[in-house]
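A.B. asks: Dropping in query.cif, with mmCIF, C-alpha atoms.
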data_query
loop_
_atom_site.label_atom_id
_atom_site.label_comp_id
_atom_site.auth_asym_id
_atom_site.auth_seq_id
_atom_site.Cartn_x
_atom_site.Cartn_y
_atom_site.Cartn_z
CA MET A 1 122.93 107.73 164.98
CA GLY A 2 121.07 104.83 163.34
CA VAL A 3 122.87 102.19 161.31
CA TYR A 4 121.61 103.75 158.06
CA GLU A 5 123.03 107.16 158.96
CA GLU A 6 126.32 105.48 159.85
CA LEU A 7 126.43 103.73 156.48
CA VAL A 8 125.91 107.11 154.79
CA GLU A 9 128.68 108.78 156.83
CA ARG A 10 131.06 105.92 156.06
CA GLY A 11 130.43 106.42 152.33
CA LEU A 12 129.04 102.93 151.84
CA ILE A 13 125.73 103.65 150.09
CA ALA A 14 125.62 104.28 146.34
CA GLN A 15 121.97 103.92 145.20
CA VAL A 16 118.68 103.04 146.91
CA THR A 17 115.16 102.42 145.64
CA ASP A 18 113.37 104.21 148.50
CA GLU A 19 115.64 105.92 150.99
CA GLU A 20 113.08 106.69 153.69
CA GLU A 21 111.62 103.19 153.70
CA ILE A 22 115.06 101.53 153.70
CA ARG A 23 116.27 103.85 156.47
CA LYS A 24 113.27 102.92 158.61
CA MET A 25 113.61 99.19 157.99
CA VAL A 26 117.33 98.83 158.73
CA ASN A 27 117.30 101.22 161.70
CA GLU A 28 114.42 99.29 163.29
CA GLY A 29 115.97 95.89 162.53
CA LYS A 30 113.12 94.88 160.22
CA ALA A 31 115.15 94.04 157.11
CA THR A 32 115.65 90.49 155.96
CA PHE A 33 118.24 91.18 153.32
CA TYR A 34 120.29 89.14 150.93
CA ILE A 35 123.63 89.50 149.19
CA GLY A 36 124.60 87.12 146.41
CA PHE A 37 127.99 85.43 146.09
CA ASP A 38 128.98 83.58 142.91
CA PRO A 39 131.14 80.57 143.85
CA THR A 40 133.74 81.10 141.13
CA ALA A 41 136.68 80.27 143.46
CA ASP A 42 137.27 78.37 146.68
CA SER A 43 137.84 81.58 148.64
CA LEU A 44 136.29 84.99 149.02
CA HIS A 45 138.56 87.95 148.28
CA VAL A 46 138.91 91.64 149.07
CA GLY A 47 136.25 92.40 146.46
CA HIS A 48 133.74 90.69 148.79
CA PHE A 49 134.99 92.55 151.85
CA MET A 50 132.51 95.41 151.58
CA ALA A 51 129.56 93.02 151.40
CA LEU A 52 130.77 90.98 154.38
CA CYS A 53 131.29 94.11 156.49
CA LEU A 54 127.84 95.41 155.52
CA MET A 55 126.24 92.11 156.54
CA LYS A 56 128.01 92.27 159.89
CA ARG A 57 126.94 95.89 160.53
CA LEU A 58 123.31 95.21 159.66
CA GLN A 59 123.13 92.01 161.70
CA MET A 60 124.58 93.91 164.69
CA ALA A 61 121.61 96.30 164.26
CA GLY A 62 119.10 93.43 164.47
CA ASN A 63 118.58 92.73 160.76
CA LYS A 64 118.67 89.21 159.29
CA PRO A 65 121.30 88.39 156.62
CA VAL A 66 120.71 85.84 153.88
CA ALA A 67 123.89 84.74 152.12
CA LEU A 68 122.74 83.57 148.71
CA ILE A 69 125.24 81.27 147.05
CA GLY A 70 124.92 81.19 143.27
CA GLY A 71 125.11 77.45 142.76
CA GLY A 72 122.65 77.82 139.88
CA THR A 73 123.66 81.18 138.42
CA GLY A 74 127.29 80.07 138.84
CA MET A 75 126.59 77.58 136.06
CA ILE A 76 126.24 80.60 133.76
CA GLY A 77 128.33 83.37 135.31
CA ASP A 78 127.55 87.03 135.85
CA PRO A 79 128.41 89.07 132.71
CA SER A 80 128.61 92.36 134.67
CA GLY A 81 131.85 94.16 133.85
CA ARG A 82 133.20 91.14 131.95
CA GLN A 83 135.10 91.21 128.65
CA ASP A 84 134.91 87.41 128.23
CA LEU A 85 132.68 84.41 128.91
CA ARG A 86 133.17 82.90 132.36
CA LYS A 87 134.56 79.39 132.73
CA MET A 88 131.93 76.71 133.30
CA MET A 89 132.13 74.87 136.65
CA THR A 90 131.01 71.42 137.77
CA VAL A 91 128.42 70.86 140.49
CA GLU A 92 131.13 69.35 142.72
CA THR A 93 133.41 72.38 142.35
CA ILE A 94 130.57 74.76 143.12
CA GLN A 95 129.62 72.83 146.27
CA HIS A 96 133.23 72.80 147.48
CA ASN A 97 133.47 76.56 146.94
CA CYS A 98 130.20 77.11 148.81
CA ASP A 99 131.53 75.17 151.81
CA CYS A 100 134.68 77.32 151.83
CA PHE A 101 132.63 80.52 151.65
CA ARG A 102 130.54 79.62 154.70
CA LYS A 103 133.62 79.00 156.82
CA GLN A 104 135.02 82.43 155.93
CA MET A 105 131.68 84.19 156.37
CA GLU A 106 131.41 82.87 159.93
CA ARG A 107 134.13 85.35 160.93
CA PHE A 108 131.74 88.17 160.00
CA ILE A 109 128.19 86.97 160.60
CA HIS A 110 126.51 84.49 162.93
CA PHE A 111 124.58 81.58 161.43
CA GLY A 112 121.91 79.82 163.47
CA ASP A 113 118.23 79.36 164.19
CA ALA A 114 117.46 82.55 166.12
CA LYS A 115 115.40 85.35 164.56
CA ASP A 116 118.36 87.53 163.55
CA ASP A 117 120.78 84.70 162.75
CA ALA A 118 122.10 84.51 159.22
CA ILE A 119 121.13 81.72 156.87
CA MET A 120 122.87 80.44 153.75
CA VAL A 121 120.74 79.56 150.74
CA ASN A 122 121.79 78.09 147.38
CA ASN A 123 119.83 79.19 144.31
CA ALA A 124 120.57 75.83 142.71
CA ASP A 125 117.68 74.57 144.87
CA TRP A 126 115.16 76.29 142.60
CA LEU A 127 117.06 77.09 139.40
CA MET A 128 118.37 73.64 138.52
CA ASN A 129 114.94 72.05 138.20
CA LEU A 130 113.13 74.81 136.30
CA ASN A 131 110.95 73.88 133.34
CA TYR A 132 112.13 76.16 130.53
CA ILE A 133 108.74 76.73 128.88
CA GLU A 134 107.02 77.37 132.21
CA PHE A 135 109.79 79.77 133.24
CA LEU A 136 109.49 81.77 130.01
CA ARG A 137 105.70 81.99 130.30
CA ASP A 138 105.67 82.75 134.02
CA ILE A 139 108.77 84.95 134.43
CA GLY A 140 110.12 85.90 130.99
CA VAL A 141 106.91 87.67 130.05
CA HIS A 142 107.64 90.36 132.66
CA PHE A 143 111.03 91.37 131.19
CA SER A 144 111.45 93.97 128.44
CA VAL A 145 114.26 93.10 126.03
CA ASN A 146 114.66 96.80 125.21
CA LYS A 147 115.29 97.63 128.87
CA MET A 148 117.59 94.65 129.30
CA LEU A 149 119.79 95.66 126.35
CA ALA A 150 120.17 99.13 127.85
CA ALA A 151 121.31 97.74 131.21
CA ARG A 152 124.82 98.63 132.39
CA CYS A 153 125.56 95.05 133.44
CA TYR A 154 125.63 93.95 129.77
CA GLU A 155 127.63 96.92 128.49
CA ASN A 156 131.09 95.36 128.16
CA ARG A 157 129.83 92.02 126.89
CA MET A 158 127.72 93.74 124.20
CA GLU A 159 130.95 95.05 122.69
CA GLN A 160 132.55 91.59 122.62
CA GLY A 161 129.44 89.58 121.84
CA LEU A 162 126.85 88.81 124.51
CA THR A 163 125.73 85.17 124.46
CA PHE A 164 122.11 84.20 125.00
CA LEU A 165 123.37 82.15 127.94
CA GLU A 166 124.57 85.32 129.70
CA PHE A 167 121.51 87.29 128.59
CA ASN A 168 119.43 85.03 130.85
CA TYR A 169 121.42 86.06 133.94
CA MET A 170 119.20 89.05 134.73
CA LEU A 171 116.07 86.89 134.64
CA MET A 172 117.65 84.40 137.00
CA GLN A 173 118.83 87.03 139.47
CA GLY A 174 115.41 88.66 139.41
CA TYR A 175 113.83 85.26 139.99
CA ASP A 176 116.20 84.70 142.94
CA PHE A 177 114.82 87.79 144.70
CA TYR A 178 111.26 86.70 143.89
CA ARG A 179 111.84 83.26 145.44
CA LEU A 180 113.66 84.64 148.49
CA PHE A 181 110.82 87.14 149.02
CA GLN A 182 108.23 84.35 148.96
CA ASP A 183 110.16 81.58 150.73
CA TYR A 184 112.14 83.52 153.36
CA GLY A 185 110.38 86.90 153.70
CA CYS A 186 113.44 88.57 152.19
CA ASN A 187 112.41 92.19 151.62
CA MET A 188 115.71 93.77 150.59
CA GLN A 189 118.71 93.09 148.37
CA PHE A 190 122.17 94.57 148.69
CA GLY A 191 125.02 94.35 146.20
CA GLY A 192 127.79 96.17 144.39
CA ASP A 193 126.86 99.25 142.42
CA ASP A 194 127.53 97.39 139.15
CA GLN A 195 124.57 95.13 140.04
CA TRP A 196 121.93 97.90 140.07
CA SER A 197 120.17 96.80 136.86
CA ASN A 198 119.93 93.18 138.01
CA MET A 199 118.64 94.24 141.43
CA LEU A 200 115.92 96.45 139.95
CA ALA A 201 114.86 93.49 137.83
CA GLY A 202 114.09 91.63 141.07
CA THR A 203 112.11 94.45 142.69
CA GLU A 204 110.11 94.92 139.46
CA LEU A 205 109.37 91.20 139.17
CA ILE A 206 108.06 91.09 142.76
CA ARG A 207 105.89 94.13 142.12
CA LYS A 208 104.47 92.74 138.86
CA LYS A 209 103.92 89.18 140.11
CA LEU A 210 102.83 89.83 143.69
CA GLY A 211 101.82 93.50 143.81
CA LYS A 212 104.19 94.06 146.76
CA ASP A 213 107.20 96.27 147.42
CA ALA A 214 110.75 95.01 147.87
CA HIS A 215 113.83 97.19 148.09
CA ALA A 216 117.38 97.38 146.80
CA MET A 217 120.50 99.22 147.87
CA THR A 218 123.90 99.18 146.21
CA ILE A 219 127.21 99.44 148.02
CA THR A 220 129.88 101.84 146.85
CA LEU A 221 132.57 99.93 144.94
CA LEU A 222 135.95 99.82 146.68
CA LEU A 223 138.04 101.97 144.34
CA ASN A 224 141.39 103.65 144.92
CA SER A 225 142.06 107.34 144.27
CA GLU A 226 142.79 106.51 140.61
CA GLY A 227 139.36 104.92 140.16
CA LYS A 228 140.66 101.34 139.98
CA LYS A 229 139.18 98.44 141.96
CA MET A 230 141.18 97.65 145.08
CA GLY A 231 142.16 94.12 146.07
CA LYS A 232 144.53 93.31 143.23
CA THR A 233 148.31 92.91 143.35
CA ALA A 234 150.97 91.96 140.82
CA ASN A 235 150.41 88.36 141.95
CA GLY A 236 146.61 88.51 141.56
CA ALA A 237 143.69 88.87 143.96
CA VAL A 238 144.05 89.43 147.71
CA TRP A 239 142.23 86.40 149.15
CA LEU A 240 140.69 85.84 152.57
CA ASP A 241 141.98 82.25 152.64
CA PRO A 242 145.35 82.24 154.49
CA GLU A 243 146.61 79.49 152.18
CA LYS A 244 146.08 81.75 149.16
CA THR A 245 147.14 85.06 150.71
CA LYS A 246 149.21 84.72 153.87
CA PRO A 247 148.08 86.88 156.83
CA TYR A 248 151.37 88.78 156.60
CA ASP A 249 150.79 89.57 152.90
CA PHE A 250 147.19 90.52 153.67
CA TYR A 251 148.45 92.91 156.37
CA GLN A 252 151.07 94.36 154.01
CA TYR A 253 148.48 95.01 151.30
CA TRP A 254 146.55 97.35 153.60
CA ARG A 255 149.70 98.78 155.20
CA ASN A 256 150.81 99.88 151.72
CA VAL A 257 147.64 101.61 150.50
CA ASP A 258 148.13 105.10 149.10
CA ASP A 259 147.93 108.06 151.46
CA ALA A 260 144.84 109.30 149.59
CA ASP A 261 142.96 106.04 150.27
CA VAL A 262 143.75 105.17 153.88
CA ILE A 263 141.06 107.20 155.71
CA LYS A 264 138.43 106.16 153.18
CA CYS A 265 139.32 102.49 153.75
CA ILE A 266 139.19 102.93 157.52
CA LYS A 267 135.70 104.45 157.19
CA MET A 268 134.35 101.82 154.83
CA LEU A 269 135.96 98.65 156.14
CA THR A 270 136.75 98.91 159.85
CA PHE A 271 134.40 98.95 162.82
CA LEU A 272 136.22 101.76 164.60
CA PRO A 273 133.80 104.38 165.98
CA MET A 274 133.23 107.31 163.65
CA GLU A 275 134.40 109.81 166.28
CA GLU A 276 137.84 108.13 166.24
CA ILE A 277 137.94 108.19 162.45
CA ARG A 278 136.91 111.86 162.27
CA ALA A 279 139.90 112.69 164.45
CA MET A 280 142.17 110.99 161.89
CA GLU A 281 140.91 112.95 158.89
CA GLY A 282 143.45 115.73 159.36
CA TRP A 283 146.42 113.41 159.83
CA GLN A 284 149.50 113.94 157.66
CA GLY A 285 152.98 112.45 157.25
CA ALA A 286 153.95 110.06 160.06
CA GLU A 287 150.38 110.14 161.36
CA LEU A 288 149.16 108.71 158.06
CA ASN A 289 151.62 105.84 158.46
CA LYS A 290 150.10 105.20 161.87
CA ALA A 291 146.63 105.23 160.25
CA LYS A 292 147.82 102.62 157.75
CA GLU A 293 149.05 100.40 160.58
CA ILE A 294 145.67 100.76 162.28
CA LEU A 295 143.86 99.87 159.03
CA ALA A 296 146.08 96.86 158.36
CA HIS A 297 145.80 95.50 161.90
CA GLU A 298 142.02 95.99 162.13
CA LEU A 299 141.32 94.21 158.85
CA THR A 300 143.83 91.40 159.43
CA GLU A 301 142.30 90.79 162.85
CA LEU A 302 138.81 90.77 161.34
CA VAL A 303 139.77 88.13 158.75
CA HIS A 304 142.48 86.09 160.48
CA GLY A 305 142.16 86.83 164.20
CA LYS A 306 144.15 88.95 166.65
CA GLU A 307 147.07 86.55 167.00
CA GLU A 308 147.82 86.56 163.27
CA ALA A 309 147.34 90.33 163.09
CA ASP A 310 149.83 90.85 165.94
CA LYS A 311 152.36 88.54 164.26
CA ALA A 312 152.03 90.33 160.93
CA GLU A 313 152.45 93.74 162.56
CA ALA A 314 155.52 92.62 164.51
CA ALA A 315 157.10 91.14 161.39
CA ALA A 316 156.47 94.30 159.35
CA LYS A 317 158.05 96.50 162.04
CA ALA A 318 161.06 94.17 162.35
CA VAL A 319 161.74 94.30 158.61
CA PHE A 320 161.29 98.08 158.53
CA SER A 321 163.99 98.39 161.19
CA GLY A 322 166.32 96.14 159.18
CA ALA A 323 165.90 93.06 161.39
CA MET A 324 164.62 89.58 160.62
CA SER A 325 161.56 88.14 162.28
CA ASP A 326 160.28 84.60 162.76
CA ASN A 327 156.84 85.88 161.75
CA MET A 328 157.81 87.35 158.39
CA PRO A 329 157.06 85.39 155.20
CA THR A 330 159.79 82.91 154.34
CA TYR A 331 160.88 81.23 151.13
CA GLU A 332 162.95 78.09 151.46
CA VAL A 333 165.17 77.53 148.42
CA LYS A 334 164.44 74.16 146.87
CA GLU A 335 167.18 71.69 146.01
CA ALA A 336 166.24 71.90 142.33
CA ASP A 337 166.94 75.66 142.38
CA TYR A 338 170.67 75.11 142.88
CA VAL A 339 173.01 74.80 139.92
CA ASP A 340 176.59 73.82 140.74
CA GLY A 341 175.91 74.56 144.40
CA LYS A 342 174.51 78.05 143.79
CA VAL A 343 171.09 79.62 143.23
CA ASP A 344 170.89 82.77 141.13
CA LEU A 345 169.14 85.89 142.40
CA LEU A 346 166.62 85.98 139.54
CA THR A 347 165.40 82.50 140.46
CA ILE A 348 164.99 83.60 144.08
CA LEU A 349 163.02 86.71 143.11
CA VAL A 350 160.62 84.77 140.86
CA ASN A 351 160.15 81.68 143.03
CA ALA A 352 159.70 83.76 146.19
CA GLY A 353 156.94 85.75 144.48
CA LEU A 354 158.73 89.11 144.51
CA CYS A 355 158.78 89.31 140.69
CA THR A 356 156.47 87.87 138.06
CA SER A 357 159.13 86.62 135.61
CA ARG A 358 162.88 86.46 135.07
CA GLY A 359 162.62 89.47 132.78
CA ASP A 360 160.79 91.41 135.50
CA ALA A 361 163.40 90.30 138.05
CA ARG A 362 166.28 91.33 135.77
CA ARG A 363 164.83 94.81 135.25
CA ASN A 364 164.32 95.32 138.99
CA VAL A 365 167.90 94.25 139.77
CA GLU A 366 169.57 96.27 137.02
CA GLN A 367 167.52 99.38 137.91
CA GLY A 368 168.65 99.21 141.55
CA GLY A 369 165.36 98.06 143.01
CA VAL A 370 166.61 94.94 144.81
CA THR A 371 168.51 94.61 148.08
CA VAL A 372 169.83 91.47 149.78
CA ALA A 373 170.71 91.73 153.47
CA ASP A 374 170.34 95.52 153.19
CA GLU A 375 172.87 95.73 150.33
CA LYS A 376 171.74 96.91 146.90
CA VAL A 377 172.43 94.35 144.18
CA THR A 378 172.63 95.48 140.53
CA ASP A 379 174.32 92.42 139.04
CA SER A 380 171.57 90.29 137.49
CA LYS A 381 173.95 87.29 137.39
CA LYS A 382 174.51 87.31 141.15
CA SER A 383 174.26 83.86 142.81
CA TYR A 384 174.34 82.56 146.38
CA THR A 385 175.60 79.37 148.00
CA LYS A 386 173.74 77.35 150.60
CA ASP A 387 176.22 78.51 153.19
CA GLU A 388 175.43 82.18 152.45
CA LEU A 389 171.72 81.51 152.90
CA LYS A 390 171.80 79.05 155.80
CA ASP A 391 170.92 81.67 158.46
CA GLY A 392 168.44 83.45 156.20
CA VAL A 393 168.68 86.80 154.42
CA VAL A 394 166.02 89.43 153.78
CA VAL A 395 165.48 90.06 150.07
CA LYS A 396 163.61 93.24 149.15
CA ARG A 397 162.08 94.49 145.93
CA GLY A 398 161.43 98.17 146.29
CA LYS A 399 160.52 99.55 149.70
CA LYS A 400 157.42 97.49 150.43
CA ASN A 401 157.99 93.94 149.15
CA PHE A 402 160.29 91.62 151.05
CA ILE A 403 160.77 88.04 152.15
CA LYS A 404 163.18 86.01 154.22
CA VAL A 405 165.10 83.58 152.03
CA ILE A 406 166.73 80.56 153.63
CA ALA A 407 168.63 77.54 152.34
#
Would you mind writing the structure in this file as structure tokens?

C.D. replies:
Amino acid sequence: MGVYEELVERGLIAQVTDEEEIRKMVNEGKATFYIGFDPTADSLHVGHFMALCLMKRLQMAGNKPVALIGGGTGMIGDPSGRQDLRKMMTVETIQHNCDCFRKQMERFIHFGDAKDDAIMVNNADWLMNLNYIEFLRDIGVHFSVNKMLAARCYENRMEQGLTFLEFNYMLMQGYDFYRLFQDYGCNMQFGGDDQWSNMLAGTELIRKKLGKDAHAMTITLLLNSEGKKMGKTANGAVWLDPEKTKPYDFYQYWRNVDDADVIKCIKMLTFLPMEEIRAMEGWQGAELNKAKEILAHELTELVHGKEEADKAEAAAKAVFSGAMSDNMPTYEVKEADYVDGKVDLLTILVNAGLCTSRGDARRNVEQGGVTVADEKVTDSKKSYTKDELKDGVVVKRGKKNFIKVIA
């Protein structure tokens, strides 16, 4: 089985410009492909996971990845799927975010000077010094406003009010592909399925300007069984940076995926052989829980290393059995949390990240959703002394969210 056939079986491919040509190129290791990353934060998140895994798979097959950092387009922001205008960032912030991205990407792909080694390129190198009139005459003339207005990437923003600033994004992304094609021999672009219109703009620009073919393929979006994007929790995005999302919490996110999503996630995100995954497709009940543990460990190891994955797994099993573990997440009650020598349970739940607000914490307690040291607590005015917390207690919200609280 070639790498293209494996991508198909894993459910990773959404749309392609020329299936036979793309199949031939990636299977023979002749693709120099790029995926764009907008540096809107100082960490990648689960939403980028599919792209990182795809880059790793294709590099393993002999293809060359180009990680394009949107230092220039990040000054505008991609309007795709947005209801609002993105926050403007400074050059310094963008550079810091780019540096963070590279460090995280190195866990997936190998950068270097060899033929198949990945390279990182910043589109600020060519976008920041463009002459506006020259750009309009040279590039803008090849874009149809009618076609642009019909593009899916502008759909949500058209309802709210698309700015001319954002309207330029498609031209810039198309120009990125054109420059990468000329400067680095980049013959293929990959991206999320919501990027299809922008990607076609690049292939069309190359064809019109240079009379040559370039290709595009979109990756299936990572959606749960309800059609919602995965990678979000009550506390926000699931980050790859261990300072933003602890390895234990990262493990728990995947350990807690719905039964209907676990095999799909194993197919799309892990590097387990397909024959092993096919054997799991009929699993039910306790076997599905085992599949979730496999998924969580594989992905945590991929992002944070085997040692952290082993620690997270051990901690999760200890808590499930009612025990405490040194490896489980811990919240240390701050001195300011105590009032008259006691800290109330609602403060613990909010400050430890188990609830989003005191109102949320109160509802969970009064509805019987909170346990402390394996005892259900329904009194929302319950408080604890330092002495009661000195050895640590496990506080749980529901069945899947817990933390060790210590004075």

A.B. asks: Measuring between only C-alpha atoms, which one of A:Gln182, A:Gln189, A:Gln160, A:Thr90 shows the shortest distance to A:Leu68?

C.D. replies: A:Gln189

A.B. asks: Nearest to A:Gln252: which of A:Leu205, A:Leu272, A:Ala309, A:Ala214 is it, counting all atoms listed in the file?

C.D. replies: A:Ala309

A.B. asks: Enter the distance from atom CA of A:Leu295 to atom CA of A:Trp254, in Å, rounded to one decimal.

C.D. replies: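 Pair atom CA of A:Leu295 / atom CA of A:Trp254 returns 6.6 Å.
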
A.B. asks: Mind pulling up the distance from atom CA of A:Val393 to atom CA of A:Val370?

C.D. replies: 12.8 Å

A.B. asks: Provide the atom CA of A:Trp196 to atom CA of A:Thr218 distance in Å, to one decimal place.

C.D. replies: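 About the pair atom CA of A:Trp196 and atom CA of A:Thr218: they are 6.6 Å apart.
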
A.B. asks: Which one is closest to A:Ile13: A:Asp125, A:Glu92, A:Asp193, A:Glu375? Count all atoms listed in the file.

C.D. replies: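 Among the listed residues, the smallest separation from A:Ile13 belongs to A:Asp193.
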
A.B. asks: For stretch 397-404 of chain A, list every protein, DNA or RNA residue within 7 Å, evaluated using only C-alpha atoms, and leave out those in the same chain fewer than 2 positions away; present the list as a list in words.

C.D. replies: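 What passes the distance filter is Met328, Pro329, Thr330, Tyr331, Leu354, Gly369, Val370, Thr371, Gly392, Val393, Val394, Val395 and Ile406 of chain A.
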
A.B. asks: Tell me which of A:Gly353, A:Pro39, A:Leu180, A:His215 sits closest to A:Lys24, counting all atoms listed in the file.

C.D. replies: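 With all atoms listed in the file as the atom set, the closest residue is A:His215.
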
A.B. asks: Identify which of the residues A:Val3, A:His304, A:Lys64, A:Gly341 lies closest to A:Asp113, counting all atoms listed in the file when measuring atom-to-atom distances.

C.D. replies: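 When distances to A:Asp113 are compared using all atoms listed in the file, the smallest one comes from A:Lys64.
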
A.B. asks: Quick check on the file I pasted: which residues fall under the PyMOL selection byres ((chain A and resi 28) around 9)? Write them as a PyMOL selection string.

C.D. replies: chain A and resi 2+23-27+29-31+61-63

A.B. asks: Name the residues within 12 Å of (114.4, 93.4, 137.3), counting all atoms listed in the file in the file's coordinates, and put them as a ChimeraX atom specification.

C.D. replies: /A:139-145,147-148,151,153,168-178,189,195-209,214-216

A.B. asks: Which residues, named as in the file, does the PyMOL selection byres ((chain A and resi 117) around 9) pick out? Answer as a PDB file with C-alpha atoms, keeping the file's coordinate frame.

C.D. replies:
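Result went into out.pdb, see below:
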ATOM      1  CA  GLN A  59     123.130  92.010 161.700  1.00  0.00           C
ATOM      2  CA  ASN A  63     118.580  92.730 160.760  1.00  0.00           C
ATOM      3  CA  LYS A  64     118.670  89.210 159.290  1.00  0.00           C
ATOM      4  CA  PRO A  65     121.300  88.390 156.620  1.00  0.00           C
ATOM      5  CA  VAL A  66     120.710  85.840 153.880  1.00  0.00           C
ATOM      6  CA  ILE A 109     128.190  86.970 160.600  1.00  0.00           C
ATOM      7  CA  HIS A 110     126.510  84.490 162.930  1.00  0.00           C
ATOM      8  CA  PHE A 111     124.580  81.580 161.430  1.00  0.00           C
ATOM      9  CA  GLY A 112     121.910  79.820 163.470  1.00  0.00           C
ATOM     10  CA  ASP A 113     118.230  79.360 164.190  1.00  0.00           C
ATOM     11  CA  ALA A 114     117.460  82.550 166.120  1.00  0.00           C
ATOM     12  CA  LYS A 115     115.400  85.350 164.560  1.00  0.00           C
ATOM     13  CA  ASP A 116     118.360  87.530 163.550  1.00  0.00           C
ATOM     14  CA  ALA A 118     122.100  84.510 159.220  1.00  0.00           C
ATOM     15  CA  ILE A 119     121.130  81.720 156.870  1.00  0.00           C
TER      16      ILE A 119
END

A.B. asks: Would you kindly identify which residues have an atom no farther than 6 Å from (167.2, 88.2, 135.0), using only C-alpha atoms and the file's own coordinates, and write them out as a list in words?

C.D. replies: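 It turns out the residues near that spot are Leu346, Arg358, Gly359, Ala361, Arg362 and Ser380 of chain A.
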
A.B. asks: If you keep C-alpha atoms, can you produce a file of those selected residues as an mmCIF file, in the frame of the given file?

C.D. replies:
data_model
loop_
_atom_site.group_PDB
_atom_site.id
_atom_site.type_symbol
_atom_site.label_atom_id
_atom_site.label_comp_id
_atom_site.auth_asym_id
_atom_site.auth_seq_id
_atom_site.Cartn_x
_atom_site.Cartn_y
_atom_site.Cartn_z
ATOM 1 C CA LEU A 346 166.620 85.980 139.540
ATOM 2 C CA ARG A 358 162.880 86.460 135.070
ATOM 3 C CA GLY A 359 162.620 89.470 132.780
ATOM 4 C CA ALA A 361 163.400 90.300 138.050
ATOM 5 C CA ARG A 362 166.280 91.330 135.770
ATOM 6 C CA SER A 380 171.570 90.290 137.490
#

A.B. asks: Kindly write stretch 5-25 of chain A with C-alpha atoms to a file, as a short mmCIF file (atom, residue, chain, number, x, y, z; two decimals), in the first residue's frame.

C.D. replies:
data_model
loop_
_atom_site.label_atom_id
_atom_site.label_comp_id
_atom_site.auth_asym_id
_atom_site.auth_seq_id
_atom_site.Cartn_x
_atom_site.Cartn_y
_atom_site.Cartn_z
CA GLU A 5 -3.77 4.71 -0.39
CA GLU A 6 -3.06 4.72 3.34
CA LEU A 7 -4.24 8.33 3.63
CA VAL A 8 -7.47 7.34 1.87
CA GLU A 9 -8.04 4.34 4.16
CA ARG A 10 -7.40 6.47 7.23
CA GLY A 11 -10.08 8.91 6.07
CA LEU A 12 -7.68 11.84 5.83
CA ILE A 13 -8.33 13.10 2.30
CA ALA A 14 -11.27 15.40 1.57
CA GLN A 15 -10.69 17.00 -1.87
CA VAL A 16 -7.92 16.84 -4.49
CA THR A 17 -7.29 18.70 -7.73
CA ASP A 18 -5.97 15.68 -9.68
CA GLU A 19 -6.11 12.40 -7.82
CA GLU A 20 -3.99 10.30 -10.18
CA GLU A 21 -1.21 12.88 -10.41
CA ILE A 22 -1.18 13.49 -6.65
CA ARG A 23 -1.20 9.75 -5.95
CA LYS A 24 1.81 9.27 -8.24
CA MET A 25 3.75 12.19 -6.78
#
